[in-house]
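Shown next: run-v3.cif, given as mmCIF, C-alpha atoms and all ligand atoms.
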data_query
loop_
_atom_site.group_PDB
_atom_site.id
_atom_site.type_symbol
_atom_site.label_atom_id
_atom_site.label_comp_id
_atom_site.auth_asym_id
_atom_site.auth_seq_id
_atom_site.Cartn_x
_atom_site.Cartn_y
_atom_site.Cartn_z
ATOM 1 C CA MET A 22 0.000 0.000 0.000
ATOM 2 C CA LEU A 23 1.543 3.286 -1.099
ATOM 3 C CA ILE A 24 -0.528 5.565 1.086
ATOM 4 C CA PRO A 25 -0.148 5.066 4.846
ATOM 5 C CA SER A 26 -3.187 4.652 7.083
ATOM 6 C CA CYS A 27 -4.662 7.495 9.143
ATOM 7 C CA LYS A 28 -3.132 5.911 12.242
ATOM 8 C CA GLU A 29 0.358 5.897 10.700
ATOM 9 C CA VAL A 30 -0.062 9.488 9.572
ATOM 10 C CA ALA A 31 -1.145 10.619 13.037
ATOM 11 C CA GLU A 32 1.854 8.827 14.571
ATOM 12 C CA GLN A 33 4.268 10.352 12.076
ATOM 13 C CA LEU A 34 2.830 13.812 12.581
ATOM 14 C CA SER A 35 3.185 13.653 16.352
ATOM 15 C CA GLU A 36 6.710 12.176 16.068
ATOM 16 C CA ASN A 37 7.810 14.838 13.650
ATOM 17 C CA MET A 38 6.265 17.939 15.129
ATOM 18 C CA ASP A 39 9.549 19.838 15.217
ATOM 19 C CA LYS A 40 11.154 18.517 12.031
ATOM 20 C CA PRO A 41 9.796 17.829 8.537
ATOM 21 C CA VAL A 42 9.238 14.281 7.294
ATOM 22 C CA THR A 43 11.484 13.788 4.247
ATOM 23 C CA GLY A 44 12.109 11.200 1.536
ATOM 24 C CA ILE A 45 9.632 8.437 0.713
ATOM 25 C CA ARG A 46 7.932 8.751 4.105
ATOM 26 C CA GLY A 47 7.373 12.464 3.500
ATOM 27 C CA LEU A 48 5.995 11.759 0.048
ATOM 28 C CA ARG A 49 3.579 9.113 1.340
ATOM 29 C CA LEU A 50 2.570 11.453 4.155
ATOM 30 C CA LYS A 51 1.866 14.262 1.663
ATOM 31 C CA LEU A 52 -0.124 11.872 -0.544
ATOM 32 C CA HIS A 53 -2.266 10.866 2.381
ATOM 33 C CA LEU A 54 -2.801 14.461 3.490
ATOM 34 C CA TRP A 55 -3.801 15.280 -0.077
ATOM 35 C CA VAL A 56 -6.571 12.687 -0.196
ATOM 36 C CA CYS A 57 -7.633 12.666 3.471
ATOM 37 C CA ARG A 58 -9.185 15.836 4.797
ATOM 38 C CA ASN A 59 -9.342 14.487 8.352
ATOM 39 C CA CYS A 60 -5.584 14.101 8.562
ATOM 40 C CA ARG A 61 -5.088 17.399 6.763
ATOM 41 C CA ARG A 62 -7.080 19.061 9.519
ATOM 42 C CA TYR A 63 -5.067 17.200 12.147
ATOM 43 C CA HIS A 64 -1.831 18.207 10.398
ATOM 44 C CA ASP A 65 -2.927 21.860 10.333
ATOM 45 C CA GLN A 66 -3.614 21.740 14.056
ATOM 46 C CA MET A 67 -0.248 20.140 14.776
ATOM 47 C CA GLU A 68 1.522 22.738 12.666
ATOM 48 C CA LEU A 69 -0.329 25.614 14.274
ATOM 49 C CA THR A 70 0.397 24.261 17.730
ATOM 50 C CA SER A 71 4.096 23.667 17.093
ATOM 51 C CA LYS A 72 4.371 27.219 15.746
ATOM 52 C CA THR A 73 2.501 28.558 18.761
ATOM 53 C CA ILE A 74 4.727 26.623 21.167
ATOM 54 C CA ALA A 75 7.856 27.835 19.335
ATOM 55 C CA LEU A 76 6.577 31.392 19.546
ATOM 56 C CA MET A 77 5.759 31.126 23.232
ATOM 57 C CA GLY A 78 8.981 29.211 23.906
ATOM 58 C CA SER A 79 11.033 32.189 22.780
ATOM 59 C CA ASN A 80 9.634 34.145 25.722
ATOM 60 C CA LYS A 81 8.255 31.772 28.280
ATOM 61 C CA GLN A 82 6.842 28.286 28.741
ATOM 62 C CA PRO A 83 3.204 27.780 27.720
ATOM 63 C CA SER A 84 0.906 27.734 30.694
ATOM 64 C CA GLU A 85 -0.521 24.431 31.895
ATOM 65 C CA ALA A 86 -3.992 25.557 30.838
ATOM 66 C CA VAL A 87 -2.846 26.203 27.255
ATOM 67 C CA LYS A 88 -1.054 22.848 27.047
ATOM 68 C CA LYS A 89 -4.090 21.030 28.408
ATOM 69 C CA ASP A 90 -6.356 22.761 25.898
ATOM 70 C CA MET A 91 -4.048 21.771 23.017
ATOM 71 C CA MET A 92 -3.862 18.136 24.082
ATOM 72 C CA GLU A 93 -7.641 18.006 24.236
ATOM 73 C CA ARG A 94 -7.864 19.405 20.702
ATOM 74 C CA PHE A 95 -5.462 16.704 19.475
ATOM 75 C CA ARG A 96 -7.478 13.978 21.126
ATOM 76 C CA ASP A 97 -10.680 15.291 19.534
ATOM 77 C CA ALA A 98 -9.049 15.488 16.109
ATOM 78 C CA LYS A 99 -7.807 11.900 16.376
ATOM 79 C CA THR A 100 -11.214 10.634 17.463
ATOM 80 C CA ASP A 101 -12.981 12.464 14.624
ATOM 81 C CA SER A 102 -10.461 11.185 12.106
ATOM 82 C CA GLY A 103 -10.988 7.571 13.134
ATOM 83 C CA LYS A 104 -14.757 7.812 13.026
ATOM 84 C CA GLU A 105 -15.029 9.650 9.726
ATOM 85 C CA SER A 106 -12.504 7.557 7.829
ATOM 86 C CA ALA A 107 -14.319 4.391 8.917
ATOM 87 C CA ALA A 108 -17.463 5.790 7.277
ATOM 88 C CA ASP A 109 -15.601 6.510 4.018
HETATM 89 ZN ZN ZN B 1 -6.168 10.124 7.059
#
Could you quickly redo this structure as structure tokens?
Amino acid sequence: MLIPSCKEVAEQLSENMDKPVTGIRGLRLKLHLWVCRNCRRYHDQMELTSKTIALMGSNKQPSEAVKKDMMERFRDAKTDSGKESAAD
């Protein structure tokens, strides 16, 4: 299978939050994101969050409340992704 599953994509995205996925893995990841809007949404959230953390990290650590809120968003995104792709 050329295109990885939603689960693989979610794992790769969380593993590679601070560095881009390159080579064949990156290509397969991009392919999946191209065809799967659920993972694209998840990817956008991860990217936004890593940028936000980087921005905040230059001044101070994100507050516990902000971190908790972000983790909850990730959990929701993963749950949605699983449900919706099963219906596809
Ligand atoms: Zn997907």
Item checked: Within 10 Å of ligand ZN 1 (chain B), counting only C-alpha atoms and all ligand atoms, residues as JSON, numbers by chain -> {"A": [24, 25, 26, 27, 28, 29, 30, 31, 50, 52, 53, 54, 55, 56, 57, 58, 59, 60, 61, 62, 63, 64, 99, 102, 103, 105, 106]}
Can I get the selected residues back with C-alpha atoms, as a short mmCIF file (atom, residue, chain, number, x, y, z; two decimals), keeping the file's coordinate frame?
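Everything below was put into part22.cif:
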data_model
loop_
_atom_site.label_atom_id
_atom_site.label_comp_id
_atom_site.auth_asym_id
_atom_site.auth_seq_id
_atom_site.Cartn_x
_atom_site.Cartn_y
_atom_site.Cartn_z
CA ILE A 24 -0.53 5.56 1.09
CA PRO A 25 -0.15 5.07 4.85
CA SER A 26 -3.19 4.65 7.08
CA CYS A 27 -4.66 7.50 9.14
CA LYS A 28 -3.13 5.91 12.24
CA GLU A 29 0.36 5.90 10.70
CA VAL A 30 -0.06 9.49 9.57
CA ALA A 31 -1.14 10.62 13.04
CA LEU A 50 2.57 11.45 4.16
CA LEU A 52 -0.12 11.87 -0.54
CA HIS A 53 -2.27 10.87 2.38
CA LEU A 54 -2.80 14.46 3.49
CA TRP A 55 -3.80 15.28 -0.08
CA VAL A 56 -6.57 12.69 -0.20
CA CYS A 57 -7.63 12.67 3.47
CA ARG A 58 -9.18 15.84 4.80
CA ASN A 59 -9.34 14.49 8.35
CA CYS A 60 -5.58 14.10 8.56
CA ARG A 61 -5.09 17.40 6.76
CA ARG A 62 -7.08 19.06 9.52
CA TYR A 63 -5.07 17.20 12.15
CA HIS A 64 -1.83 18.21 10.40
CA LYS A 99 -7.81 11.90 16.38
CA SER A 102 -10.46 11.18 12.11
CA GLY A 103 -10.99 7.57 13.13
CA GLU A 105 -15.03 9.65 9.73
CA SER A 106 -12.50 7.56 7.83
#
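Here CA of Lys72 in chain A is placed at a distance of 17.3 Å from CA of Gln33 in chain A.
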Contacts of Phe95 in chain A within 8 Å, all atoms listed in the file, excl. fewer than 3 positions in-chain, as a PDB file with C-alpha atoms, in the frame of the given file:
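Written output follows (selection30.pdb):
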ATOM      1  CA  TYR A  63      -5.067  17.200  12.147  1.00  0.00           C
ATOM      2  CA  GLN A  66      -3.614  21.740  14.056  1.00  0.00           C
ATOM      3  CA  MET A  67      -0.248  20.140  14.776  1.00  0.00           C
ATOM      4  CA  MET A  91      -4.048  21.771  23.017  1.00  0.00           C
ATOM      5  CA  MET A  92      -3.862  18.136  24.082  1.00  0.00           C
ATOM      6  CA  ALA A  98      -9.049  15.488  16.109  1.00  0.00           C
ATOM      7  CA  LYS A  99      -7.807  11.900  16.376  1.00  0.00           C
TER       8      LYS A  99
END
Using all atoms of range 58-66 of chain A that appear in the file, construct an axis-aligned enclosing box with 3 Å of padding on every side and provide its centre coordinates and edge lengths in Å, rounded to one decimal, as AutoDock Vina command-line options.
--center_x -5.6 --center_y 18.0 --center_z 9.4 --size_x 13.5 --size_y 13.8 --size_z 15.3
Notebook entry, point to check: Can you tell me, as a PyMOL selection string, what residues are no more than 12 Å from Lys88 in chain A when counting all atoms listed in the file, ignoring any on the same chain fewer than 3 positions away?
Noted result: chain A and resi 70-71+73-74+77+82-85+91-95
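CA of Leu69 in chain A is found 16.4 Å from CA of Val42 in chain A.
The spacing separating CA of Ile45 in chain A from CA of Asp97 in chain A amounts to 28.5 Å.
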